[in-house]
$ cat upload-v7.cif   # mmCIF, all heavy atoms
data_start
loop_
_atom_site.label_atom_id
_atom_site.label_comp_id
_atom_site.auth_asym_id
_atom_site.auth_seq_id
_atom_site.Cartn_x
_atom_site.Cartn_y
_atom_site.Cartn_z
N MET A 182 -34.93 -6.20 55.35
CA MET A 182 -34.71 -7.22 54.33
C MET A 182 -35.16 -8.57 54.88
O MET A 182 -35.02 -8.84 56.07
CB MET A 182 -33.22 -7.30 53.97
CG MET A 182 -32.75 -6.19 53.06
SD MET A 182 -31.18 -6.55 52.24
CE MET A 182 -30.03 -6.35 53.58
N SER A 183 -35.62 -9.38 53.98
CA SER A 183 -36.03 -10.72 54.41
C SER A 183 -34.81 -11.58 54.67
O SER A 183 -33.71 -11.31 54.18
CB SER A 183 -36.93 -11.37 53.35
OG SER A 183 -36.16 -11.75 52.23
N SER A 184 -35.00 -12.62 55.43
CA SER A 184 -33.88 -13.49 55.79
C SER A 184 -33.29 -14.18 54.56
O SER A 184 -32.08 -14.40 54.48
CB SER A 184 -34.30 -14.51 56.83
OG SER A 184 -35.30 -15.36 56.31
N LYS A 185 -34.13 -14.49 53.58
CA LYS A 185 -33.64 -15.15 52.37
C LYS A 185 -32.70 -14.23 51.60
O LYS A 185 -31.67 -14.67 51.08
CB LYS A 185 -34.82 -15.57 51.49
CG LYS A 185 -34.45 -16.52 50.40
CD LYS A 185 -35.70 -17.04 49.73
CE LYS A 185 -35.37 -18.32 49.02
NZ LYS A 185 -36.53 -18.97 48.49
N VAL A 186 -33.02 -12.93 51.55
CA VAL A 186 -32.17 -11.96 50.86
C VAL A 186 -30.84 -11.81 51.59
O VAL A 186 -29.78 -11.76 50.97
CB VAL A 186 -32.89 -10.60 50.74
CG1 VAL A 186 -31.97 -9.53 50.21
CG2 VAL A 186 -34.12 -10.73 49.86
N VAL A 187 -30.89 -11.75 52.91
CA VAL A 187 -29.67 -11.59 53.71
C VAL A 187 -28.75 -12.80 53.52
O VAL A 187 -27.54 -12.64 53.32
CB VAL A 187 -30.01 -11.39 55.20
CG1 VAL A 187 -28.76 -11.43 56.06
CG2 VAL A 187 -30.77 -10.09 55.39
N VAL A 188 -29.31 -13.99 53.56
CA VAL A 188 -28.51 -15.21 53.39
C VAL A 188 -27.92 -15.27 51.99
O VAL A 188 -26.74 -15.58 51.81
CB VAL A 188 -29.36 -16.46 53.71
CG1 VAL A 188 -28.64 -17.73 53.29
CG2 VAL A 188 -29.70 -16.50 55.18
N THR A 189 -28.72 -14.94 50.98
CA THR A 189 -28.23 -14.94 49.60
C THR A 189 -27.11 -13.92 49.42
O THR A 189 -26.10 -14.21 48.78
CB THR A 189 -29.39 -14.64 48.62
OG1 THR A 189 -30.41 -15.61 48.82
CG2 THR A 189 -28.92 -14.67 47.19
N LEU A 190 -27.28 -12.75 50.00
CA LEU A 190 -26.24 -11.71 49.93
C LEU A 190 -24.97 -12.17 50.63
O LEU A 190 -23.86 -11.99 50.11
CB LEU A 190 -26.76 -10.42 50.54
CG LEU A 190 -25.87 -9.19 50.46
CD1 LEU A 190 -25.60 -8.83 49.01
CD2 LEU A 190 -26.52 -8.03 51.18
N ALA A 191 -25.11 -12.78 51.80
CA ALA A 191 -23.93 -13.26 52.54
C ALA A 191 -23.18 -14.32 51.75
O ALA A 191 -21.95 -14.28 51.65
CB ALA A 191 -24.36 -13.81 53.90
N TYR A 192 -23.90 -15.28 51.17
CA TYR A 192 -23.26 -16.32 50.38
C TYR A 192 -22.67 -15.76 49.09
O TYR A 192 -21.63 -16.22 48.62
CB TYR A 192 -24.21 -17.47 50.08
CG TYR A 192 -24.30 -18.47 51.21
CD1 TYR A 192 -25.51 -18.84 51.75
CD2 TYR A 192 -23.15 -19.07 51.73
CE1 TYR A 192 -25.60 -19.75 52.78
CE2 TYR A 192 -23.23 -19.98 52.77
CZ TYR A 192 -24.45 -20.32 53.28
OH TYR A 192 -24.52 -21.23 54.31
N GLY A 193 -23.32 -14.76 48.51
CA GLY A 193 -22.79 -14.12 47.31
C GLY A 193 -21.46 -13.44 47.58
O GLY A 193 -20.50 -13.57 46.81
N ILE A 194 -21.39 -12.70 48.69
CA ILE A 194 -20.13 -12.04 49.07
C ILE A 194 -19.06 -13.09 49.35
O ILE A 194 -17.91 -12.94 48.92
CB ILE A 194 -20.37 -11.13 50.29
CG1 ILE A 194 -21.24 -9.94 49.87
CG2 ILE A 194 -19.04 -10.65 50.87
CD1 ILE A 194 -21.75 -9.12 51.04
N ALA A 195 -19.43 -14.14 50.07
CA ALA A 195 -18.46 -15.20 50.38
C ALA A 195 -17.94 -15.87 49.12
O ALA A 195 -16.75 -16.16 49.00
CB ALA A 195 -19.10 -16.23 51.30
N ALA A 196 -18.82 -16.10 48.15
CA ALA A 196 -18.40 -16.73 46.89
C ALA A 196 -17.45 -15.84 46.12
O ALA A 196 -16.44 -16.31 45.57
CB ALA A 196 -19.63 -17.05 46.04
N VAL A 197 -17.74 -14.54 46.07
CA VAL A 197 -16.84 -13.61 45.37
C VAL A 197 -15.47 -13.56 46.04
O VAL A 197 -14.43 -13.59 45.37
CB VAL A 197 -17.48 -12.20 45.31
CG1 VAL A 197 -16.48 -11.16 44.85
CG2 VAL A 197 -18.68 -12.20 44.39
N VAL A 198 -15.46 -13.53 47.36
CA VAL A 198 -14.18 -13.50 48.09
C VAL A 198 -13.40 -14.78 47.83
O VAL A 198 -12.19 -14.74 47.55
CB VAL A 198 -14.42 -13.29 49.60
CG1 VAL A 198 -13.15 -13.55 50.40
CG2 VAL A 198 -14.94 -11.90 49.86
N ALA A 199 -14.06 -15.92 47.91
CA ALA A 199 -13.38 -17.20 47.69
C ALA A 199 -12.83 -17.30 46.27
O ALA A 199 -11.68 -17.72 46.06
CB ALA A 199 -14.32 -18.36 47.98
N MET A 200 -13.63 -16.91 45.29
CA MET A 200 -13.17 -16.96 43.89
C MET A 200 -12.01 -16.00 43.65
O MET A 200 -11.08 -16.32 42.90
CB MET A 200 -14.33 -16.64 42.94
CG MET A 200 -15.35 -17.75 42.85
SD MET A 200 -16.62 -17.47 41.60
CE MET A 200 -17.38 -15.98 42.16
N THR A 201 -12.06 -14.84 44.28
CA THR A 201 -10.97 -13.87 44.13
C THR A 201 -9.66 -14.42 44.70
O THR A 201 -8.60 -14.29 44.07
CB THR A 201 -11.33 -12.55 44.82
OG1 THR A 201 -12.54 -12.05 44.25
CG2 THR A 201 -10.24 -11.52 44.67
N VAL A 202 -9.73 -15.03 45.87
CA VAL A 202 -8.52 -15.59 46.48
C VAL A 202 -7.95 -16.71 45.62
O VAL A 202 -6.74 -16.80 45.41
CB VAL A 202 -8.80 -16.06 47.92
CG1 VAL A 202 -7.65 -16.89 48.47
CG2 VAL A 202 -9.06 -14.87 48.82
N VAL A 203 -8.82 -17.56 45.08
CA VAL A 203 -8.35 -18.65 44.23
C VAL A 203 -7.74 -18.10 42.94
O VAL A 203 -6.67 -18.52 42.51
CB VAL A 203 -9.50 -19.63 43.92
CG1 VAL A 203 -9.11 -20.62 42.84
CG2 VAL A 203 -9.90 -20.38 45.18
N ALA A 204 -8.39 -17.10 42.34
CA ALA A 204 -7.86 -16.51 41.11
C ALA A 204 -6.53 -15.83 41.35
O ALA A 204 -5.59 -15.96 40.55
CB ALA A 204 -8.86 -15.51 40.54
N LEU A 205 -6.41 -15.13 42.47
CA LEU A 205 -5.13 -14.48 42.79
C LEU A 205 -4.05 -15.51 43.07
O LEU A 205 -2.87 -15.26 42.81
CB LEU A 205 -5.30 -13.53 43.98
CG LEU A 205 -6.09 -12.25 43.71
CD1 LEU A 205 -6.26 -11.46 45.00
CD2 LEU A 205 -5.41 -11.40 42.65
N SER A 206 -4.42 -16.65 43.63
CA SER A 206 -3.44 -17.70 43.87
C SER A 206 -2.83 -18.19 42.57
O SER A 206 -1.63 -18.48 42.51
CB SER A 206 -4.09 -18.89 44.59
OG SER A 206 -4.49 -18.53 45.87
N PHE A 207 -3.64 -18.26 41.52
CA PHE A 207 -3.12 -18.69 40.21
C PHE A 207 -2.26 -17.62 39.57
O PHE A 207 -1.27 -17.92 38.92
CB PHE A 207 -4.27 -19.07 39.27
CG PHE A 207 -4.89 -20.39 39.58
CD1 PHE A 207 -6.20 -20.48 40.00
CD2 PHE A 207 -4.14 -21.57 39.48
CE1 PHE A 207 -6.77 -21.71 40.30
CE2 PHE A 207 -4.71 -22.80 39.78
CZ PHE A 207 -6.03 -22.86 40.19
N THR A 208 -2.65 -16.34 39.72
CA THR A 208 -1.90 -15.28 39.04
C THR A 208 -0.68 -14.82 39.84
O THR A 208 0.38 -14.60 39.25
CB THR A 208 -2.81 -14.07 38.74
OG1 THR A 208 -3.38 -13.62 39.95
CG2 THR A 208 -3.89 -14.45 37.77
N TRP A 209 -0.81 -14.63 41.13
CA TRP A 209 0.30 -14.13 41.95
C TRP A 209 1.14 -15.24 42.57
O TRP A 209 2.26 -15.00 42.97
CB TRP A 209 -0.22 -13.26 43.08
CG TRP A 209 -0.82 -11.97 42.66
CD1 TRP A 209 -0.85 -11.44 41.41
CD2 TRP A 209 -1.49 -11.04 43.50
NE1 TRP A 209 -1.50 -10.25 41.42
CE2 TRP A 209 -1.91 -9.98 42.69
CE3 TRP A 209 -1.79 -11.01 44.85
CZ2 TRP A 209 -2.61 -8.89 43.20
CZ3 TRP A 209 -2.48 -9.94 45.35
CH2 TRP A 209 -2.87 -8.89 44.54
N GLY A 210 0.57 -16.42 42.70
CA GLY A 210 1.25 -17.50 43.39
C GLY A 210 0.71 -17.65 44.80
O GLY A 210 0.29 -16.68 45.43
N ILE A 211 0.72 -18.86 45.29
CA ILE A 211 0.12 -19.14 46.60
C ILE A 211 0.85 -18.43 47.73
O ILE A 211 0.22 -17.94 48.66
CB ILE A 211 0.08 -20.67 46.84
CG1 ILE A 211 -0.93 -21.29 45.89
CG2 ILE A 211 -0.28 -20.99 48.27
CD1 ILE A 211 -1.03 -22.78 45.96
N ARG A 212 2.16 -18.30 47.63
CA ARG A 212 2.91 -17.65 48.71
C ARG A 212 2.50 -16.19 48.90
O ARG A 212 2.45 -15.70 50.03
CB ARG A 212 4.40 -17.72 48.44
CG ARG A 212 4.97 -19.07 48.65
CD ARG A 212 6.45 -19.02 48.46
NE ARG A 212 7.04 -20.07 49.25
CZ ARG A 212 8.31 -20.17 49.47
NH1 ARG A 212 9.15 -19.32 48.94
NH2 ARG A 212 8.77 -21.16 50.19
N ASP A 213 2.22 -15.49 47.82
CA ASP A 213 1.85 -14.09 47.92
C ASP A 213 0.41 -13.89 48.39
O ASP A 213 0.06 -12.84 48.91
CB ASP A 213 2.03 -13.39 46.57
CG ASP A 213 3.49 -13.33 46.14
OD1 ASP A 213 4.36 -13.30 47.03
OD2 ASP A 213 3.75 -13.32 44.93
N VAL A 214 -0.43 -14.89 48.21
CA VAL A 214 -1.84 -14.77 48.55
C VAL A 214 -2.17 -15.46 49.87
O VAL A 214 -3.25 -15.27 50.42
CB VAL A 214 -2.71 -15.34 47.40
CG1 VAL A 214 -4.18 -15.19 47.67
CG2 VAL A 214 -2.36 -14.65 46.09
N ALA A 215 -1.25 -16.21 50.41
CA ALA A 215 -1.52 -17.02 51.60
C ALA A 215 -2.05 -16.19 52.77
O ALA A 215 -2.89 -16.66 53.53
CB ALA A 215 -0.26 -17.76 52.02
N ARG A 216 -1.61 -14.95 52.88
CA ARG A 216 -2.07 -14.12 54.01
C ARG A 216 -3.55 -13.77 53.90
O ARG A 216 -4.16 -13.34 54.87
CB ARG A 216 -1.24 -12.86 54.10
CG ARG A 216 -1.49 -11.91 52.95
CD ARG A 216 -0.60 -10.74 53.00
NE ARG A 216 0.22 -10.84 51.79
CZ ARG A 216 1.08 -9.96 51.42
NH1 ARG A 216 1.29 -8.91 52.17
NH2 ARG A 216 1.77 -10.11 50.33
N TYR A 217 -4.15 -13.96 52.73
CA TYR A 217 -5.56 -13.65 52.53
C TYR A 217 -6.47 -14.86 52.73
O TYR A 217 -7.69 -14.72 52.71
CB TYR A 217 -5.80 -13.07 51.13
CG TYR A 217 -5.00 -11.81 50.90
CD1 TYR A 217 -3.97 -11.77 49.97
CD2 TYR A 217 -5.28 -10.65 51.61
CE1 TYR A 217 -3.24 -10.63 49.76
CE2 TYR A 217 -4.56 -9.50 51.41
CZ TYR A 217 -3.53 -9.49 50.48
OH TYR A 217 -2.80 -8.35 50.27
N TYR A 218 -5.90 -16.03 52.91
CA TYR A 218 -6.72 -17.23 53.06
C TYR A 218 -7.52 -17.22 54.36
O TYR A 218 -8.68 -17.60 54.37
CB TYR A 218 -5.86 -18.49 53.01
CG TYR A 218 -5.59 -18.97 51.61
CD1 TYR A 218 -4.37 -18.72 51.00
CD2 TYR A 218 -6.55 -19.64 50.89
CE1 TYR A 218 -4.11 -19.15 49.71
CE2 TYR A 218 -6.32 -20.07 49.60
CZ TYR A 218 -5.09 -19.83 49.01
OH TYR A 218 -4.86 -20.24 47.75
N ILE A 219 -6.92 -16.79 55.45
CA ILE A 219 -7.64 -16.79 56.73
C ILE A 219 -8.80 -15.80 56.72
O ILE A 219 -9.92 -16.16 57.08
CB ILE A 219 -6.68 -16.55 57.91
CG1 ILE A 219 -5.76 -17.76 58.05
CG2 ILE A 219 -7.44 -16.28 59.20
CD1 ILE A 219 -4.69 -17.62 59.09
N PRO A 220 -8.60 -14.54 56.28
CA PRO A 220 -9.77 -13.65 56.22
C PRO A 220 -10.86 -14.16 55.27
O PRO A 220 -12.05 -14.04 55.57
CB PRO A 220 -9.20 -12.32 55.71
CG PRO A 220 -7.75 -12.37 56.04
CD PRO A 220 -7.37 -13.82 55.98
N ALA A 221 -10.45 -14.76 54.15
CA ALA A 221 -11.44 -15.30 53.22
C ALA A 221 -12.22 -16.45 53.86
O ALA A 221 -13.44 -16.54 53.73
CB ALA A 221 -10.76 -15.78 51.94
N ALA A 222 -11.51 -17.30 54.59
CA ALA A 222 -12.18 -18.41 55.28
C ALA A 222 -13.13 -17.89 56.35
O ALA A 222 -14.22 -18.43 56.54
CB ALA A 222 -11.14 -19.35 55.89
N LEU A 223 -12.74 -16.83 57.04
CA LEU A 223 -13.61 -16.26 58.07
C LEU A 223 -14.88 -15.65 57.45
O LEU A 223 -15.96 -15.74 58.04
CB LEU A 223 -12.85 -15.21 58.89
CG LEU A 223 -11.75 -15.75 59.79
CD1 LEU A 223 -11.00 -14.61 60.47
CD2 LEU A 223 -12.33 -16.70 60.83
N ILE A 224 -14.75 -15.05 56.28
CA ILE A 224 -15.92 -14.50 55.60
C ILE A 224 -16.88 -15.62 55.19
O ILE A 224 -18.09 -15.52 55.35
CB ILE A 224 -15.50 -13.65 54.39
CG1 ILE A 224 -14.82 -12.37 54.89
CG2 ILE A 224 -16.68 -13.32 53.49
CD1 ILE A 224 -14.15 -11.57 53.81
N VAL A 225 -16.33 -16.72 54.70
CA VAL A 225 -17.16 -17.87 54.32
C VAL A 225 -17.83 -18.46 55.56
O VAL A 225 -19.03 -18.78 55.53
CB VAL A 225 -16.33 -18.92 53.58
CG1 VAL A 225 -17.12 -20.21 53.37
CG2 VAL A 225 -15.84 -18.37 52.24
N LEU A 226 -17.10 -18.58 56.65
CA LEU A 226 -17.70 -19.08 57.90
C LEU A 226 -18.78 -18.14 58.42
O LEU A 226 -19.80 -18.59 58.96
CB LEU A 226 -16.62 -19.29 58.95
CG LEU A 226 -15.70 -20.48 58.72
CD1 LEU A 226 -14.57 -20.48 59.76
CD2 LEU A 226 -16.47 -21.78 58.77
N ALA A 227 -18.56 -16.84 58.27
CA ALA A 227 -19.57 -15.87 58.71
C ALA A 227 -20.85 -16.02 57.90
O ALA A 227 -21.95 -15.91 58.45
CB ALA A 227 -19.02 -14.45 58.59
N ALA A 228 -20.73 -16.29 56.61
CA ALA A 228 -21.92 -16.51 55.79
C ALA A 228 -22.68 -17.73 56.28
O ALA A 228 -23.92 -17.71 56.36
CB ALA A 228 -21.53 -16.68 54.33
N GLY A 229 -21.96 -18.78 56.62
CA GLY A 229 -22.61 -19.96 57.17
C GLY A 229 -23.28 -19.67 58.50
O GLY A 229 -24.38 -20.16 58.78
N ALA A 230 -22.64 -18.85 59.33
CA ALA A 230 -23.23 -18.49 60.63
C ALA A 230 -24.49 -17.65 60.44
O ALA A 230 -25.49 -17.83 61.16
CB ALA A 230 -22.21 -17.72 61.47
N ILE A 231 -24.47 -16.74 59.46
CA ILE A 231 -25.67 -15.94 59.17
C ILE A 231 -26.81 -16.85 58.73
O ILE A 231 -27.94 -16.71 59.17
CB ILE A 231 -25.35 -14.87 58.11
CG1 ILE A 231 -24.44 -13.80 58.70
CG2 ILE A 231 -26.62 -14.25 57.56
CD1 ILE A 231 -23.85 -12.84 57.69
N HIS A 232 -26.48 -17.80 57.88
CA HIS A 232 -27.50 -18.75 57.41
C HIS A 232 -28.08 -19.53 58.59
O HIS A 232 -29.29 -19.69 58.71
CB HIS A 232 -26.88 -19.69 56.38
CG HIS A 232 -27.85 -20.63 55.76
ND1 HIS A 232 -27.47 -21.70 55.00
CD2 HIS A 232 -29.21 -20.67 55.77
CE1 HIS A 232 -28.53 -22.35 54.58
NE2 HIS A 232 -29.60 -21.75 55.05
N TYR A 233 -27.22 -20.01 59.45
CA TYR A 233 -27.65 -20.79 60.61
C TYR A 233 -28.56 -19.95 61.51
O TYR A 233 -29.60 -20.41 61.97
CB TYR A 233 -26.43 -21.28 61.38
CG TYR A 233 -26.75 -22.06 62.61
CD1 TYR A 233 -27.22 -23.36 62.53
CD2 TYR A 233 -26.59 -21.50 63.88
CE1 TYR A 233 -27.53 -24.09 63.66
CE2 TYR A 233 -26.88 -22.22 65.02
CZ TYR A 233 -27.36 -23.51 64.91
OH TYR A 233 -27.66 -24.22 66.05
N ARG A 234 -28.17 -18.71 61.78
CA ARG A 234 -28.94 -17.84 62.67
C ARG A 234 -30.28 -17.44 62.05
O ARG A 234 -31.28 -17.30 62.73
CB ARG A 234 -28.16 -16.58 63.04
CG ARG A 234 -26.91 -16.85 63.86
CD ARG A 234 -27.23 -17.40 65.21
NE ARG A 234 -27.82 -16.38 66.05
CZ ARG A 234 -28.36 -16.59 67.21
NH1 ARG A 234 -28.38 -17.80 67.71
NH2 ARG A 234 -28.88 -15.62 67.89
N MET A 235 -30.29 -17.25 60.72
CA MET A 235 -31.51 -16.83 60.05
C MET A 235 -32.55 -17.96 59.97
O MET A 235 -33.73 -17.69 59.89
CB MET A 235 -31.22 -16.32 58.63
CG MET A 235 -30.54 -15.00 58.62
SD MET A 235 -31.64 -13.74 59.24
CE MET A 235 -30.72 -12.29 58.91
N ARG A 236 -32.09 -19.18 59.99
CA ARG A 236 -33.06 -20.28 59.91
C ARG A 236 -33.55 -20.70 61.29
O ARG A 236 -34.30 -21.64 61.43
CB ARG A 236 -32.48 -21.48 59.16
CG ARG A 236 -31.41 -22.19 59.92
CD ARG A 236 -30.94 -23.42 59.22
NE ARG A 236 -30.04 -24.06 60.16
CZ ARG A 236 -29.88 -25.33 60.31
NH1 ARG A 236 -30.50 -26.15 59.55
NH2 ARG A 236 -29.06 -25.79 61.23
N GLY A 237 -33.08 -20.01 62.33
CA GLY A 237 -33.59 -20.25 63.67
C GLY A 237 -32.68 -21.06 64.56
O GLY A 237 -33.12 -21.60 65.56
N GLY A 238 -31.40 -21.15 64.20
CA GLY A 238 -30.46 -21.88 65.06
C GLY A 238 -30.20 -21.14 66.35
O GLY A 238 -30.43 -19.94 66.47
N ASN A 239 -29.76 -21.86 67.35
CA ASN A 239 -29.50 -21.24 68.65
C ASN A 239 -28.17 -20.63 68.63
O ASN A 239 -27.22 -20.70 68.99
CB ASN A 239 -29.67 -22.24 69.77
CG ASN A 239 -31.13 -22.63 69.90
OD1 ASN A 239 -32.01 -21.82 69.65
ND2 ASN A 239 -31.40 -23.87 70.27
#
$ encode --input "upload-v7.cif" --output "structure tokens"
Amino acid sequence: MSSKVVVTLAYGIAAVVAMTVVALSFTWGIRDVARYYIPAALIVLAAGAIHYRMRGGN
């Protein structure tokens, strides 16, 4: 796969995860969803790291 496809896929997955956590926060309440914030944040950070590595970062 090309790097552009990989980065787009990574950001797409991160966006879906972030939107799901936010939507669940509204429906279930923040206390019930709080345990999912850290994994969701790590997925978003991983997408950023993939982007950085694919564009030639060290």
$ resolve_selection --input "upload-v7.cif" --expression "the PyMOL selection byres ((chain A and resi 198) around 6)" --output "number ranges by chain"
A: 193-197, 199-203, 220-222, 224-225
$ atom_distance --input "upload-v7.cif" --atom1 "CG2 of Ile219 in chain A" --atom2 "CA of Arg234 in chain A"
21.8 Å
$ atom_distance --input "upload-v7.cif" --atom1 "CA of Leu205 in chain A" --atom2 "atom C of Leu223 in chain A"
17.6 Å
$ atom_distance --input "upload-v7.cif" --atom1 "CA of Ala230 in chain A" --atom2 "CA of Ser183 in chain A"
16.2 Å
$ select_by_dssp --input "upload-v7.cif" --residues "chain A" --states "alpha helix (DSSP H)" --output "PyMOL selection string"
chain A and resi 184-209+211-214+218-235
$ axis_aligned_box --input "upload-v7.cif" --around "range 211-214 of chain A" --padding-each-side "8 Å" --output "JSON"
{"center_x": 2.5, "center_y": -17.8, "center_z": 47.7, "size_x": 29.3, "size_y": 25.9, "size_z": 21.5}
$ decode --input "upload-v7.cif" --residues "range 190-207 of chain A" --atoms "N, CA and C atoms" --output "tab-separated table (two decimals), in the first residue's frame"
chain	number	residue	atom	x	y	z
A	190	LEU	N	-5.93	5.64	6.12
A	190	LEU	CA	-6.57	4.55	6.88
A	190	LEU	C	-6.36	4.74	8.38
A	191	ALA	N	-5.15	5.10	8.78
A	191	ALA	CA	-4.86	5.31	10.20
A	191	ALA	C	-5.70	6.44	10.78
A	192	TYR	N	-5.78	7.56	10.05
A	192	TYR	CA	-6.58	8.68	10.53
A	192	TYR	C	-8.07	8.36	10.50
A	193	GLY	N	-8.50	7.56	9.53
A	193	GLY	CA	-9.90	7.14	9.48
A	193	GLY	C	-10.28	6.31	10.68
A	194	ILE	N	-9.43	5.35	11.03
A	194	ILE	CA	-9.68	4.52	12.22
A	194	ILE	C	-9.67	5.38	13.48
A	195	ALA	N	-8.71	6.29	13.57
A	195	ALA	CA	-8.63	7.17	14.74
A	195	ALA	C	-9.87	8.04	14.86
A	196	ALA	N	-10.37	8.54	13.74
A	196	ALA	CA	-11.57	9.38	13.77
A	196	ALA	C	-12.79	8.60	14.22
A	197	VAL	N	-12.93	7.37	13.73
A	197	VAL	CA	-14.06	6.53	14.14
A	197	VAL	C	-13.99	6.22	15.63
A	198	VAL	N	-12.81	5.91	16.12
A	198	VAL	CA	-12.65	5.62	17.55
A	198	VAL	C	-12.99	6.85	18.39
A	199	ALA	N	-12.47	8.01	17.99
A	199	ALA	CA	-12.73	9.23	18.74
A	199	ALA	C	-14.22	9.58	18.74
A	200	MET	N	-14.86	9.47	17.58
A	200	MET	CA	-16.30	9.78	17.51
A	200	MET	C	-17.13	8.79	18.33
A	201	THR	N	-16.72	7.53	18.33
A	201	THR	CA	-17.44	6.53	19.11
A	201	THR	C	-17.34	6.83	20.60
A	202	VAL	N	-16.16	7.18	21.07
A	202	VAL	CA	-15.99	7.49	22.50
A	202	VAL	C	-16.81	8.72	22.88
A	203	VAL	N	-16.81	9.73	22.03
A	203	VAL	CA	-17.60	10.93	22.32
A	203	VAL	C	-19.09	10.61	22.32
A	204	ALA	N	-19.54	9.82	21.34
A	204	ALA	CA	-20.96	9.46	21.28
A	204	ALA	C	-21.37	8.63	22.49
A	205	LEU	N	-20.51	7.70	22.89
A	205	LEU	CA	-20.82	6.88	24.07
A	205	LEU	C	-20.83	7.73	25.34
A	206	SER	N	-20.00	8.76	25.38
A	206	SER	CA	-19.99	9.65	26.54
A	206	SER	C	-21.33	10.34	26.71
A	207	PHE	N	-21.96	10.70	25.58
A	207	PHE	CA	-23.27	11.35	25.65
A	207	PHE	C	-24.36	10.36	26.03
